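Printed here is run36.cif (mmCIF, C-alpha atoms):
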```
data_query
loop_
_atom_site.label_atom_id
_atom_site.label_comp_id
_atom_site.auth_asym_id
_atom_site.auth_seq_id
_atom_site.Cartn_x
_atom_site.Cartn_y
_atom_site.Cartn_z
CA MET A 1 0.00 0.00 0.00
CA VAL A 2 1.27 3.47 -0.93
CA ASP A 3 2.27 5.63 2.04
CA LEU A 4 0.61 8.98 1.32
CA ASP A 5 2.22 10.66 4.33
CA ALA A 6 5.67 9.61 3.11
CA LEU A 7 4.96 11.02 -0.34
CA LEU A 8 3.69 14.26 1.15
CA GLY A 9 6.86 14.47 3.20
CA ASP A 10 8.94 14.00 0.05
CA PHE A 11 6.93 16.70 -1.71
CA ALA A 12 7.57 19.12 1.14
CA ALA A 13 11.27 18.29 1.07
CA GLU A 14 11.50 18.74 -2.71
CA CYS A 15 9.80 22.12 -2.47
CA ALA A 16 12.06 23.15 0.41
CA ASP A 17 15.18 22.27 -1.57
CA LEU A 18 14.01 24.39 -4.49
CA GLU A 19 13.10 27.25 -2.17
CA LEU A 20 16.69 27.26 -0.91
CA LEU A 21 17.70 28.20 -4.45
CA VAL A 22 15.16 30.94 -5.10
CA ALA A 23 14.40 32.54 -1.73
CA PRO A 24 17.81 34.31 -1.42
CA LEU A 25 17.64 35.75 -4.95
CA ALA A 26 17.29 39.47 -5.48
CA PRO A 27 14.07 40.35 -7.33
CA ALA A 28 16.01 41.14 -10.51
CA ASP A 29 17.54 37.65 -10.49
CA TRP A 30 14.12 36.05 -10.83
CA SER A 31 14.28 37.24 -14.45
CA THR A 32 17.24 34.94 -15.14
CA PRO A 33 16.42 32.85 -18.24
CA THR A 34 16.11 29.08 -17.75
CA PRO A 35 16.66 26.34 -20.35
CA ALA A 36 12.89 26.29 -21.05
CA ALA A 37 12.46 28.66 -23.99
CA GLY A 38 10.79 31.91 -22.94
CA TRP A 39 10.68 30.99 -19.25
CA ASP A 40 12.72 32.68 -16.56
CA ILE A 41 12.85 31.68 -12.89
CA SER A 42 9.61 33.55 -12.18
CA HIS A 43 7.85 31.50 -14.86
CA GLN A 44 9.14 28.28 -13.32
CA ILE A 45 7.94 29.09 -9.79
CA GLY A 46 4.74 30.62 -11.13
CA HIS A 47 3.99 27.44 -13.04
CA LEU A 48 4.51 25.32 -9.94
CA ALA A 49 2.30 27.60 -7.86
CA TRP A 50 -0.45 27.57 -10.49
CA THR A 51 -0.34 23.80 -10.94
CA ASP A 52 -0.50 23.21 -7.19
CA GLU A 53 -3.57 25.46 -7.08
CA VAL A 54 -5.20 23.57 -9.95
CA ALA A 55 -4.46 20.29 -8.14
CA ILE A 56 -6.21 21.69 -5.05
CA LEU A 57 -9.24 22.44 -7.24
CA ALA A 58 -9.21 18.87 -8.58
CA ALA A 59 -9.02 17.49 -5.02
CA THR A 60 -11.73 19.70 -3.52
CA ASP A 61 -14.11 20.73 -6.29
CA GLY A 62 -14.52 18.24 -9.11
CA SER A 63 -17.15 20.29 -10.93
CA GLY A 64 -15.00 23.42 -10.64
CA PHE A 65 -12.06 21.57 -12.13
CA ALA A 66 -14.21 20.24 -14.97
CA HIS A 67 -15.36 23.80 -15.71
CA MET A 68 -11.77 25.05 -15.74
CA LEU A 69 -10.77 22.21 -18.06
CA ALA A 70 -13.61 23.02 -20.46
CA GLU A 71 -12.61 26.68 -20.54
CA ALA A 72 -9.00 25.72 -21.26
CA ALA A 73 -9.85 23.27 -24.06
CA PRO A 74 -9.91 25.83 -26.91
CA LYS A 75 -6.37 26.92 -26.03
CA ALA A 76 -4.95 23.53 -25.08
CA LEU A 77 -1.55 24.36 -26.57
CA THR A 78 -1.16 27.72 -24.85
CA PHE A 79 -3.02 27.89 -21.54
CA VAL A 80 -0.15 26.48 -19.44
CA ASP A 81 2.26 29.07 -20.84
CA GLU A 82 -0.35 31.80 -20.37
CA ALA A 83 -0.77 30.86 -16.70
CA ALA A 84 3.00 30.91 -16.19
CA GLU A 85 3.26 34.29 -17.92
CA ALA A 86 0.56 35.76 -15.70
CA ALA A 87 2.17 34.39 -12.55
CA ALA A 88 5.60 35.63 -13.61
CA ALA A 89 4.27 39.20 -13.57
CA THR A 90 3.80 38.93 -9.79
CA PRO A 91 6.55 40.55 -7.68
CA PRO A 92 8.91 37.77 -6.55
CA PRO A 93 8.21 38.04 -2.79
CA GLU A 94 4.47 37.72 -3.46
CA LEU A 95 5.01 34.86 -5.91
CA LEU A 96 7.18 33.00 -3.42
CA GLU A 97 4.51 33.36 -0.74
CA ARG A 98 1.81 32.23 -3.17
CA TRP A 99 3.82 29.08 -3.93
CA ARG A 100 4.31 28.40 -0.22
CA ARG A 101 0.60 28.77 0.54
CA GLY A 102 -0.44 26.62 -2.38
CA ARG A 103 1.78 23.68 -1.68
CA THR A 104 0.78 23.66 1.99
CA ALA A 105 -2.90 23.80 1.06
CA LEU A 106 -2.43 21.03 -1.51
CA ALA A 107 -0.98 18.68 1.10
CA ALA A 108 -3.98 19.31 3.37
CA ALA A 109 -6.42 18.81 0.49
CA LEU A 110 -4.90 15.50 -0.57
CA ARG A 111 -4.85 14.19 2.99
CA ALA A 112 -8.62 14.77 3.07
CA VAL A 113 -9.33 12.81 -0.12
CA PRO A 114 -11.21 9.58 0.76
CA THR A 115 -9.27 6.38 0.14
CA GLY A 116 -10.02 4.95 -3.28
CA THR A 117 -11.15 8.26 -4.79
CA LYS A 118 -9.91 9.09 -8.27
CA LEU A 119 -9.30 12.76 -9.03
CA ALA A 120 -9.86 14.22 -12.47
CA TRP A 121 -6.76 15.63 -14.13
CA PHE A 122 -5.43 16.69 -17.52
CA GLY A 123 -4.62 13.06 -18.26
CA PRO A 124 -6.30 9.98 -16.78
CA PRO A 125 -7.94 10.32 -13.33
CA MET A 126 -5.54 9.61 -10.47
CA SER A 127 -5.46 8.83 -6.78
CA ALA A 128 -4.23 11.29 -4.17
CA ALA A 129 -0.96 9.35 -4.03
CA SER A 130 -0.52 9.55 -7.79
CA MET A 131 -1.34 13.26 -7.72
CA ILE A 132 1.34 14.04 -5.15
CA SER A 133 3.79 11.78 -6.98
CA ALA A 134 3.21 13.88 -10.09
CA ARG A 135 3.77 17.06 -8.08
CA ILE A 136 7.08 15.66 -6.76
CA MET A 137 8.14 14.92 -10.34
CA GLU A 138 7.19 18.35 -11.63
CA THR A 139 8.77 20.18 -8.71
CA TRP A 140 11.99 18.27 -9.22
CA ALA A 141 11.97 18.83 -12.99
CA HIS A 142 11.27 22.56 -12.84
CA GLY A 143 13.74 22.78 -9.99
CA GLN A 144 16.32 21.37 -12.40
CA ASP A 145 15.57 24.22 -14.79
CA VAL A 146 16.16 26.72 -11.98
CA ALA A 147 19.36 24.99 -10.92
CA ASP A 148 20.61 25.02 -14.51
CA ALA A 149 19.79 28.71 -14.81
CA LEU A 150 21.80 29.45 -11.67
CA GLY A 151 24.67 27.12 -12.53
CA VAL A 152 23.97 24.94 -9.47
CA THR A 153 24.60 21.20 -9.33
CA ARG A 154 22.03 19.55 -7.07
CA THR A 155 22.72 16.49 -4.95
CA PRO A 156 20.38 13.66 -6.03
CA THR A 157 18.26 12.10 -3.30
CA ALA A 158 16.11 9.01 -2.78
CA ARG A 159 13.13 11.12 -3.86
CA LEU A 160 14.22 10.35 -7.41
CA ARG A 161 12.56 6.96 -7.00
CA THR A 162 9.15 8.61 -7.40
CA VAL A 163 10.31 10.45 -10.52
CA ALA A 164 11.78 7.26 -11.96
CA HIS A 165 8.64 5.29 -11.13
CA LEU A 166 6.53 7.77 -13.08
CA GLY A 167 9.00 7.59 -15.94
CA VAL A 168 8.53 3.83 -16.10
CA ARG A 169 4.76 3.86 -15.55
CA THR A 170 4.21 6.41 -18.33
CA ARG A 171 5.89 4.29 -21.00
CA ASN A 172 2.66 3.57 -22.89
CA PHE A 173 1.52 7.19 -22.50
CA ALA A 174 4.72 8.36 -24.16
CA TYR A 175 3.99 6.14 -27.14
CA SER A 176 0.40 7.38 -27.36
CA VAL A 177 1.28 11.09 -27.42
CA HIS A 178 3.65 10.34 -30.28
CA GLY A 179 0.92 8.52 -32.19
CA LYS A 180 2.59 5.16 -31.73
CA THR A 181 1.47 1.81 -30.36
CA ALA A 182 3.37 0.64 -27.29
CA PRO A 183 5.02 -2.78 -27.40
CA ALA A 184 2.96 -5.51 -25.78
CA GLU A 185 5.85 -6.88 -23.77
CA GLU A 186 7.06 -5.26 -20.56
CA PHE A 187 10.57 -3.84 -20.29
CA ARG A 188 13.06 -4.37 -17.50
CA VAL A 189 14.39 -1.12 -16.04
CA GLU A 190 17.31 -1.29 -13.59
CA LEU A 191 18.57 1.97 -12.15
CA THR A 192 21.37 2.73 -9.72
CA ALA A 193 20.01 4.85 -6.88
CA PRO A 194 21.97 7.78 -5.41
CA ASP A 195 23.05 5.55 -2.50
CA GLY A 196 24.27 2.81 -4.85
CA THR A 197 21.37 0.40 -4.38
CA LEU A 198 19.36 -0.98 -7.28
CA TRP A 199 15.84 0.13 -8.21
CA ALA A 200 14.11 -2.22 -10.64
CA TRP A 201 10.84 -2.47 -12.55
CA GLY A 202 9.51 -5.14 -14.89
CA PRO A 203 10.23 -8.84 -15.38
CA ALA A 204 13.77 -9.89 -14.51
CA ASP A 205 13.95 -11.97 -17.71
CA ALA A 206 12.58 -9.31 -20.08
CA ALA A 207 14.35 -9.13 -23.43
CA GLN A 208 14.03 -5.33 -23.69
CA ARG A 209 16.11 -3.62 -21.00
CA VAL A 210 17.20 -0.18 -19.77
CA SER A 211 19.91 0.40 -17.18
CA GLY A 212 22.00 3.23 -15.79
CA PRO A 213 22.01 5.92 -13.09
CA ALA A 214 18.59 6.82 -11.68
CA LEU A 215 19.46 10.51 -12.02
CA ASP A 216 20.11 10.11 -15.74
CA PHE A 217 16.85 8.26 -16.29
CA CYS A 218 14.93 10.97 -14.42
CA LEU A 219 16.60 13.71 -16.45
CA LEU A 220 15.64 11.84 -19.61
CA ALA A 221 12.02 11.10 -18.61
CA THR A 222 11.44 14.76 -17.70
CA GLN A 223 13.27 15.86 -20.88
CA ARG A 224 15.84 17.91 -18.95
CA ARG A 225 18.81 16.31 -20.74
CA HIS A 226 19.34 14.89 -24.21
CA ARG A 227 19.63 11.13 -24.57
CA ASP A 228 23.17 11.44 -25.96
CA ASP A 229 24.42 13.16 -22.80
CA LEU A 230 23.29 10.42 -20.41
CA ALA A 231 24.87 7.16 -19.27
CA LEU A 232 21.86 4.99 -20.04
CA GLU A 233 22.23 1.64 -21.75
CA THR A 234 19.62 -0.38 -23.61
CA ILE A 235 19.22 -3.91 -24.85
CA GLY A 236 16.70 -4.30 -27.64
CA ALA A 237 15.46 -1.95 -30.35
CA ASP A 238 12.16 -1.26 -28.57
CA ALA A 239 13.90 -0.14 -25.39
CA ALA A 240 16.12 2.21 -27.41
CA ASP A 241 13.10 3.63 -29.23
CA TRP A 242 11.31 4.26 -25.93
CA LEU A 243 14.18 6.36 -24.57
CA ALA A 244 13.85 8.63 -27.59
CA ILE A 245 10.26 9.53 -26.64
CA ALA A 246 10.10 8.95 -22.85
CA GLN A 247 7.89 11.51 -21.13
CA ALA A 248 6.86 11.40 -17.46
CA PHE A 249 4.68 14.51 -17.59
CA ALA A 250 1.13 14.96 -18.91
CA GLY A 251 0.38 17.09 -21.92
CA ASN A 252 1.98 17.53 -25.29
CA THR A 253 5.47 16.39 -26.16
CA GLY A 254 8.15 18.81 -25.06
CA GLU A 255 11.04 20.23 -27.05
CA GLY A 256 13.54 18.71 -24.65
CA ARG A 257 17.18 19.75 -24.64
CA THR A 258 19.88 19.57 -27.30
CA ALA A 259 22.88 17.26 -27.21
CA GLY A 260 25.84 18.89 -25.51
CA GLN A 261 23.76 21.78 -24.14
CA PHE A 262 25.11 21.26 -20.62
CA ALA A 263 28.57 19.98 -21.44
#
```
Show how you would write the structure in this file as structure tokens.
Amino acid sequence: MVDLDALLGDFAAECADLELLVAPLAPADWSTPTPAAGWDISHQIGHLAWTDEVAILAATDGSGFAHMLAEAAPKALTFVDEAAEAAAATPPPELLERWRRGRTALAAALRAVPTGTKLAWFGPPMSAASMISARIMETWAHGQDVADALGVTRTPTARLRTVAHLGVRTRNFAYSVHGKTAPAEEFRVELTAPDGTLWAWGPADAAQRVSGPALDFCLLATQRRHRDDLALETIGADAADWLAIAQAFAGNTGEGRTAGQFA
């Protein structure tokens, strides 16, 4: 059984680590460009704050979320960027406080979700545990953009397991958003955790296999590094094809990063 409290604790820790990067910045430094085209640090934090708020709506007001989703449908390709742009116009101290309030309120809202309830979202409906897992993944991924913008190398933690798990679980989704049919057979994924232990998914005797550092797989699945810049190994053509389209986040395919961009 998934430990929701443990996931919520990881979410709080991931947010706290990112806040350590942005809270000391002078207001002008929030305009520092990040690797996401057109997004500076304010956009990154604004996006996280907005998405946490939308997740609260999904957890507390299903009809309100459905209404918001219907309103966003005509601009499906732009509404996320528009929300980030609007949030980025907020003075940094106010934006930081908005993000703090939202993530605290989200944790409370998800704790109150009855066991077994599925929450509507932009992709398939999800449990409270899946929702907070997705927020951990997004916070980590956008935190990577901020770290890259500031030239900071972050220390990987065991929280990467949640990011990696989503990367594995979204295999078929990645195929679908690229208009492809996922292979019928499961893959074996073996990743070396930050502490040197092994994290594994899929049948031990699977013919299609992926292995390498957990950090590298997470960077790939969130499209924060190019495949060529990562120490991931594959066995089987299908496994290699998957790594070219892996996507742990909902929505349209991203532009990703170019080879050698962070050399």
Going by the chain IDs and residue numbers used in this file, which residues fall under the PyMOL selection byres ((chain A and resi 134-137) around 9)? Write them as a short mmCIF file (atom, residue, chain, number, x, y, z; two decimals) with C-alpha atoms, keeping the file's coordinate frame.
```
data_model
loop_
_atom_site.label_atom_id
_atom_site.label_comp_id
_atom_site.auth_asym_id
_atom_site.auth_seq_id
_atom_site.Cartn_x
_atom_site.Cartn_y
_atom_site.Cartn_z
CA LEU A 7 4.96 11.02 -0.34
CA LEU A 8 3.69 14.26 1.15
CA ASP A 10 8.94 14.00 0.05
CA PHE A 11 6.93 16.70 -1.71
CA ALA A 12 7.57 19.12 1.14
CA GLU A 14 11.50 18.74 -2.71
CA CYS A 15 9.80 22.12 -2.47
CA LEU A 48 4.51 25.32 -9.94
CA THR A 51 -0.34 23.80 -10.94
CA ASP A 52 -0.50 23.21 -7.19
CA ALA A 55 -4.46 20.29 -8.14
CA ALA A 129 -0.96 9.35 -4.03
CA SER A 130 -0.52 9.55 -7.79
CA MET A 131 -1.34 13.26 -7.72
CA ILE A 132 1.34 14.04 -5.15
CA SER A 133 3.79 11.78 -6.98
CA GLU A 138 7.19 18.35 -11.63
CA THR A 139 8.77 20.18 -8.71
CA TRP A 140 11.99 18.27 -9.22
CA ALA A 141 11.97 18.83 -12.99
CA HIS A 142 11.27 22.56 -12.84
CA ARG A 159 13.13 11.12 -3.86
CA LEU A 160 14.22 10.35 -7.41
CA THR A 162 9.15 8.61 -7.40
CA VAL A 163 10.31 10.45 -10.52
CA ALA A 164 11.78 7.26 -11.96
CA LEU A 166 6.53 7.77 -13.08
CA CYS A 218 14.93 10.97 -14.42
CA THR A 222 11.44 14.76 -17.70
CA ALA A 248 6.86 11.40 -17.46
CA PHE A 249 4.68 14.51 -17.59
#
```
Expand the PyMOL selection byres ((chain A and resi 229) around 10) into the individual residues it matches in the shown file, reporting them as number ranges by chain. A: 216, 220, 225-228, 230-232, 257-263
Which one is closest to Ala214 of chain A: A:His178, A:Glu186, A:Leu243, A:Ala158? Count all atoms listed in the file. A:Ala158
Near-Thr157 of chain A list (9 Å; all atoms listed in the file; drop same-chain fewer than 2 positions) as a VMD selection string: chain A and resid 155 159 to 161 193 to 195 215
Could you tell me how far atom CA of Leu4 of chain A sits from atom CA of Thr60 of chain A, in Å to one decimal place?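 Interatomic distance, atom CA of Thr60 of chain A to atom CA of Leu4 of chain A: 17.0 Å.
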Closest of A:Ala182, A:Val22, A:Val2, A:Ala240 to Ala128 of chain A - atom-to-atom distances counting only C-alpha atoms: A:Val2
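With all atoms listed in the file as the atoms that count, the residue of A:Thr234, A:Thr153, A:Thr170, A:Thr117 with the shortest distance to Ala246 of chain A is A:Thr170.
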One decimal, in Å: what's the spacing between atom CA of Phe65 of chain A and atom CA of Ser127 of chain A? 15.3 Å
Residue members of the PyMOL selection byres ((chain A and resi 31) around 7) in the file shown, as a PyMOL selection string: chain A and resi 28-30+32-33+40-42
Write the residues of the selection above to a file with C-alpha atoms, as a PDB file, in the coordinates of the input.
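As a result, selection-v9.pdb now contains:
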```
ATOM      1  CA  ALA A  28      16.010  41.140 -10.510  1.00  0.00           C
ATOM      2  CA  ASP A  29      17.540  37.650 -10.490  1.00  0.00           C
ATOM      3  CA  TRP A  30      14.120  36.050 -10.830  1.00  0.00           C
ATOM      4  CA  THR A  32      17.240  34.940 -15.140  1.00  0.00           C
ATOM      5  CA  PRO A  33      16.420  32.850 -18.240  1.00  0.00           C
ATOM      6  CA  ASP A  40      12.720  32.680 -16.560  1.00  0.00           C
ATOM      7  CA  ILE A  41      12.850  31.680 -12.890  1.00  0.00           C
ATOM      8  CA  SER A  42       9.610  33.550 -12.180  1.00  0.00           C
TER       9      SER A  42
END
```
Give as a compact mmCIF listing (two decimals) with C-alpha atoms, in the coordinates of the input every residue, naming chains and numbers as the document does, that has an atom within 12 Å of (8.3, 35.8, -6.2), counting only C-alpha atoms.
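The result, written out as result_39.txt:
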```
# COMPACT_ATOMS: atom_id res chain seq x y z
CA GLU A 19 13.10 27.25 -2.17
CA VAL A 22 15.16 30.94 -5.10
CA ALA A 23 14.40 32.54 -1.73
CA PRO A 24 17.81 34.31 -1.42
CA LEU A 25 17.64 35.75 -4.95
CA ALA A 26 17.29 39.47 -5.48
CA PRO A 27 14.07 40.35 -7.33
CA ALA A 28 16.01 41.14 -10.51
CA ASP A 29 17.54 37.65 -10.49
CA TRP A 30 14.12 36.05 -10.83
CA SER A 31 14.28 37.24 -14.45
CA ASP A 40 12.72 32.68 -16.56
CA ILE A 41 12.85 31.68 -12.89
CA SER A 42 9.61 33.55 -12.18
CA HIS A 43 7.85 31.50 -14.86
CA GLN A 44 9.14 28.28 -13.32
CA ILE A 45 7.94 29.09 -9.79
CA GLY A 46 4.74 30.62 -11.13
CA HIS A 47 3.99 27.44 -13.04
CA LEU A 48 4.51 25.32 -9.94
CA ALA A 49 2.30 27.60 -7.86
CA ALA A 87 2.17 34.39 -12.55
CA ALA A 88 5.60 35.63 -13.61
CA ALA A 89 4.27 39.20 -13.57
CA THR A 90 3.80 38.93 -9.79
CA PRO A 91 6.55 40.55 -7.68
CA PRO A 92 8.91 37.77 -6.55
CA PRO A 93 8.21 38.04 -2.79
CA GLU A 94 4.47 37.72 -3.46
CA LEU A 95 5.01 34.86 -5.91
CA LEU A 96 7.18 33.00 -3.42
CA GLU A 97 4.51 33.36 -0.74
CA ARG A 98 1.81 32.23 -3.17
CA TRP A 99 3.82 29.08 -3.93
CA ARG A 100 4.31 28.40 -0.22
```
I want to know what sits within 8 Å of Gln247 of chain A, based on only C-alpha atoms, with residues of the same chain fewer than 3 positions away left out; could you give that as an mmCIF file with C-alpha atoms, in the coordinates of the input?
```cif
data_model
loop_
_atom_site.group_PDB
_atom_site.id
_atom_site.type_symbol
_atom_site.label_atom_id
_atom_site.label_comp_id
_atom_site.auth_asym_id
_atom_site.auth_seq_id
_atom_site.Cartn_x
_atom_site.Cartn_y
_atom_site.Cartn_z
ATOM 1 C CA GLY A 167 9.000 7.590 -15.940
ATOM 2 C CA THR A 170 4.210 6.410 -18.330
ATOM 3 C CA ARG A 171 5.890 4.290 -21.000
ATOM 4 C CA PHE A 173 1.520 7.190 -22.500
ATOM 5 C CA ALA A 174 4.720 8.360 -24.160
ATOM 6 C CA LEU A 220 15.640 11.840 -19.610
ATOM 7 C CA ALA A 221 12.020 11.100 -18.610
ATOM 8 C CA THR A 222 11.440 14.760 -17.700
ATOM 9 C CA GLN A 223 13.270 15.860 -20.880
ATOM 10 C CA ALA A 250 1.130 14.960 -18.910
ATOM 11 C CA THR A 253 5.470 16.390 -26.160
#
```
My list of candidates is A:Ala105, A:Phe122, A:Asp148, A:Pro114. Which is closest to Met68 of chain A when distances are computed with all atoms listed in the file?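 Comparing A:Ala105, A:Phe122, A:Asp148, A:Pro114 against Met68 of chain A, the winner is A:Phe122.
Of the residues under consideration (A:Pro156, A:Gly151, A:Pro183, A:Pro125), A:Pro125 shows the shortest atom-to-atom contact distance to Gly62 of chain A when counting all atoms listed in the file.
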